[in-house]
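Heads up: the structure comes next, in structure tokens.
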Amino acid sequence: MSQLAMVNDNIRRAAAILDLGARVEKLLLTPNREVKVEVAVELDSGEVATYTGYRIQHNDARGPMKGGLRYHPTVDAEEVTALSSLMTWKTAVVNIPFGGAKGGINCDPATLSSRELERLTRKFVSNIKEIIGPNVDIPAPDVNTNAQVMAWVMDEYSRFYGFSPAVVTGKPIDLHGSLGREEATGRGVAYITADLLADLGTPLQGTTVSIQGFGNVGSFAALFLHQMGAKVIAVSDAYGGLYRADGLPVLDLFDYARTQRTIVGFSEAQAMAGDDIFAVPCDVFIPAALGGVLDAERAKALPAKVVIEAANAPTTPEGDAILQQRGLPVVPDILANAGGVTVSYFEWAQNIQQFRWDGERVNQELKSTMAKAYRDVRQLAHSRQISLRTAAFVLALGRVAKATVMRGI
Ligand code: NAD
């Protein structure tokens, strides 16, 4: 099942529970606008290369559309559509005043120089400049894009429309970015893990955690959970895995991974194959890498007590059904990893206000936003006797449908 089919499955289930009717359901399934552009750039060699770029704007009923920009060879219209839809539900679950969008360029940034990447980004922005903007659609970083890429987006857009820092979030701190944005998704994952464990009556202190993926989200989730007293016993990345029964020295590993760009070779833990992460007995399993990794087979055998979806769409519907049968609580992606877009909203608000918040305020507001969203979802799941995932979609669809109807279809 494709990622888009998976997301649509969840929308249909929630729409049926809310009894929204076929017309509203169709409206919520269909993106508002799908833009595909050819991006031609001159390479350093003097040759011209062309790439395909997408910006898919799913829904703006609750506010300007918001969503990342992904540079990856597998980017295609269907993947971007699925991710744009997830953004609509994510912004609605945490109740920030945005809709959902996503963009991407089908390219392999590892083969491009920094100058080529800059030219590619500027050309893409100049191709889509009419459909983005601080009150329309606000891009952000995603896989293989970072603060530098966002700085180019801001600069290129500003060349046409005047100084516009609020057109994009995830910018460098020194260029109208927000304190706390880089680590926000991992921090939010840690907060949500603590909330779920508190609900289950399990102390965080000493709880064992395994994390697949040690990039931005996985490494910061590990760091904050470690600081909160959890024992991170296993991690993996695209190149391999690490295990240590008495808990990994997360601070050292964090520094090591920053400089080496992998966890492989870290000497203070036992090395293992990356996929062995699915076989490590733990209390909390956090997929923080790719989509579709928790399929039926892995879900059947996963030796964990709860799953916190830090990655987007890491669990297949078959895997999800099995985890549910097993009674394993799963905190869905649209809630668990919403910390990033929440602090992106704070960055946008600071840009609009032309006022900088201190880090303490950012983290406090993030914590209360995530806690409120978790409470809302848990309460709905409890009162309707549905999974946390279905509850999150019901909450989100309810909010978007209400805004749509109030604005007038
Ligand atoms: P990243 O590129 O910084 O890190 C990805 C990590 O996954 C890397 O450690 C990489 O080595 C690892 N990985 C790749 N293939 C793997 C494999 N087969 N097995 C194990 N590990 C593998 O990306 P990120 O920003 O940390 O994003 C991770 C996930 O979280 C993605 O699904 C992304 O869409 C989602 N997400 C990210 C943010 C954010 O703010 N960065 C927000 C919401 C959701």
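Chain labels A, B, ... are given in the sequence in which chains occur in the structure tokens; within each chain residues are numbered consecutively from 1, and ligands are likewise numbered from 1 in the order shown.
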- Which polymer residues have any atom within 12 Å of an atom of Arg407 of chain A, counting only C-alpha atoms, with same-chain residues fewer than 3 positions away left out, as a ChimeraX atom specification? /A:60-63,400-404
Taking only C-alpha atoms and all ligand atoms into account, produce a table as CSV in which each residue of chain A with an atom at most 7 Å from an atom of ligand 1 appears once, together with its shortest atom pair and the distance in Å to one decimal, ordered by chain and rising number.
```
residue,atom,partner,partner_atom_place_in_ligand_line,distance
A:Pro141,CA,ligand 1,41 (N),6.9
A:Asp142,CA,ligand 1,41 (N),5.6
A:Val143,CA,ligand 1,2 (O),5.0
A:Asn144,CA,ligand 1,2 (O),5.8
A:Ala184,CA,ligand 1,40 (O),6.9
A:Thr185,CA,ligand 1,40 (O),4.9
A:Gln212,CA,ligand 1,20 (C),5.2
A:Gly213,CA,ligand 1,7 (O),3.7
A:Phe214,CA,ligand 1,9 (O),3.7
A:Gly215,CA,ligand 1,4 (O),3.2
A:Asn216,CA,ligand 1,26 (O),3.7
A:Val217,CA,ligand 1,26 (O),3.8
A:Gly218,CA,ligand 1,26 (O),5.7
A:Ser236,CA,ligand 1,20 (C),5.2
A:Asp237,CA,ligand 1,21 (N),3.3
A:Ala238,CA,ligand 1,22 (C),3.6
A:Tyr239,CA,ligand 1,11 (O),6.4
A:Thr262,CA,ligand 1,11 (O),6.7
A:Gly274,CA,ligand 1,19 (N),5.7
A:Asp275,CA,ligand 1,19 (N),6.5
A:Ala288,CA,ligand 1,29 (C),4.8
A:Ala289,CA,ligand 1,7 (O),3.7
A:Leu290,CA,ligand 1,32 (O),4.7
A:Gly291,CA,ligand 1,32 (O),5.9
A:Ala310,CA,ligand 1,30 (O),5.5
A:Ala311,CA,ligand 1,32 (O),3.6
A:Asn312,CA,ligand 1,32 (O),4.3
A:Asn337,CA,ligand 1,43 (C),4.9
A:Ala338,CA,ligand 1,43 (C),6.2
A:Gly340,CA,ligand 1,40 (O),4.5
A:Val341,CA,ligand 1,42 (C),6.9
```
- Query: In terms of the shortest atom-to-atom distance over only C-alpha atoms, which of A:Ser158, A:Ser45, A:Gln205, A:Asn106 is closest to Arg70 of chain A?
  - Reply: A:Asn106
- Would you return as a PyMOL selection string the members of segment 170-351 of chain A that DSSP assigns to strand (DSSP E or B) on this structure's backbone? chain A and resi 208-212+231-237+240-243+270-272+284-287+294+306-308+315+330-331
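What separates atom CA of Leu29 of chain A from atom CA of Gln3 of chain A is a distance of 13.4 Å.
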- Test item: residues at most 12 Å from Lys26 of chain A, only C-alpha atoms, excluding those fewer than 5 positions along its chain, as a PyMOL selection string: chain A and resi 8+11-12+15-16+20-21+31-32+401
- Which residues come within 10 Å of Glu34 of chain A, counting only C-alpha atoms, excluding same-chain residues fewer than 3 positions away, as a PyMOL selection string? chain A and resi 30-31+54-58+77+80-81+101-103
- Task: Write out as a count of residues only all residues of segment 86-219 of chain A that DSSP puts in helix (DSSP H, G or I) for this structure's backbone.
- Result: 71
- Query: Hey, can you check how far atom CA of Asp155 of chain A sits from atom CA of Val167 of chain A?
  - Reply: 9.8 Å
- Between atom CA of Asp376 of chain A and atom CA of Val94 of chain A, measure the distance and give it in Å to one decimal.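 So the answer is 9.3 Å.
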- Query: Which residue, A:Tyr51, A:Tyr161, A:Phe98, A:Trp89, has the smallest gap to Val75 of chain A when you use only C-alpha atoms?
  - Reply: A:Tyr51
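The environment of Asp137 of chain A within 7 Å, counting only C-alpha atoms and disregarding residues fewer than 4 places along the same chain, consists of Pro64, Met65, Lys66, Ile132 and Gly133 of chain A.
Compared by their closest atoms to Gly186 of chain A, and using only C-alpha atoms, the residues A:Ala49, A:Met154, A:Leu223, A:Met1 rank with A:Leu223 nearest.
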- From the set A:Ala221, A:Leu397, A:Leu117, A:Met272, which residue has the shortest atom-to-atom contact distance to Phe285 of chain A, counting only C-alpha atoms?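 The closest residue to Phe285 of chain A is A:Ala221.
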As a compact mmCIF listing (two decimals) with C-alpha atoms, in the first residue's frame, please: the residues near segment 168-178 of chain A (cut-off 7 Å, only C-alpha atoms, same-chain neighbours under 4 positions excluded).
```
# COMPACT_ATOMS: atom_id res chain seq x y z
CA ILE A 138 5.28 28.69 4.00
CA PRO A 139 7.94 26.05 3.23
CA ALA A 140 10.33 24.56 5.83
CA PRO A 141 13.19 22.04 5.92
CA ALA A 147 18.73 26.11 7.44
CA GLN A 148 21.08 27.18 4.62
CA MET A 150 15.86 27.97 3.82
CA ALA A 151 18.08 31.09 3.83
CA MET A 154 14.02 33.57 1.88
CA SER A 344 7.97 26.69 12.86
CA GLU A 347 9.23 31.27 14.11
CA TRP A 348 6.64 32.60 11.66
CA ASN A 351 8.92 37.11 12.00
```
- Query: Closest to Ala5 of chain A among A:Val235, A:Leu302, A:Ala313, A:Val330, using only C-alpha atoms?
  - Reply: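 Closest to Ala5 of chain A of all the choices is A:Ala313.
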- Pick from A:Ile105, A:Leu204, A:Leu323, A:Leu179: nearest to Ile192 of chain A, with only C-alpha atoms counted? A:Leu204
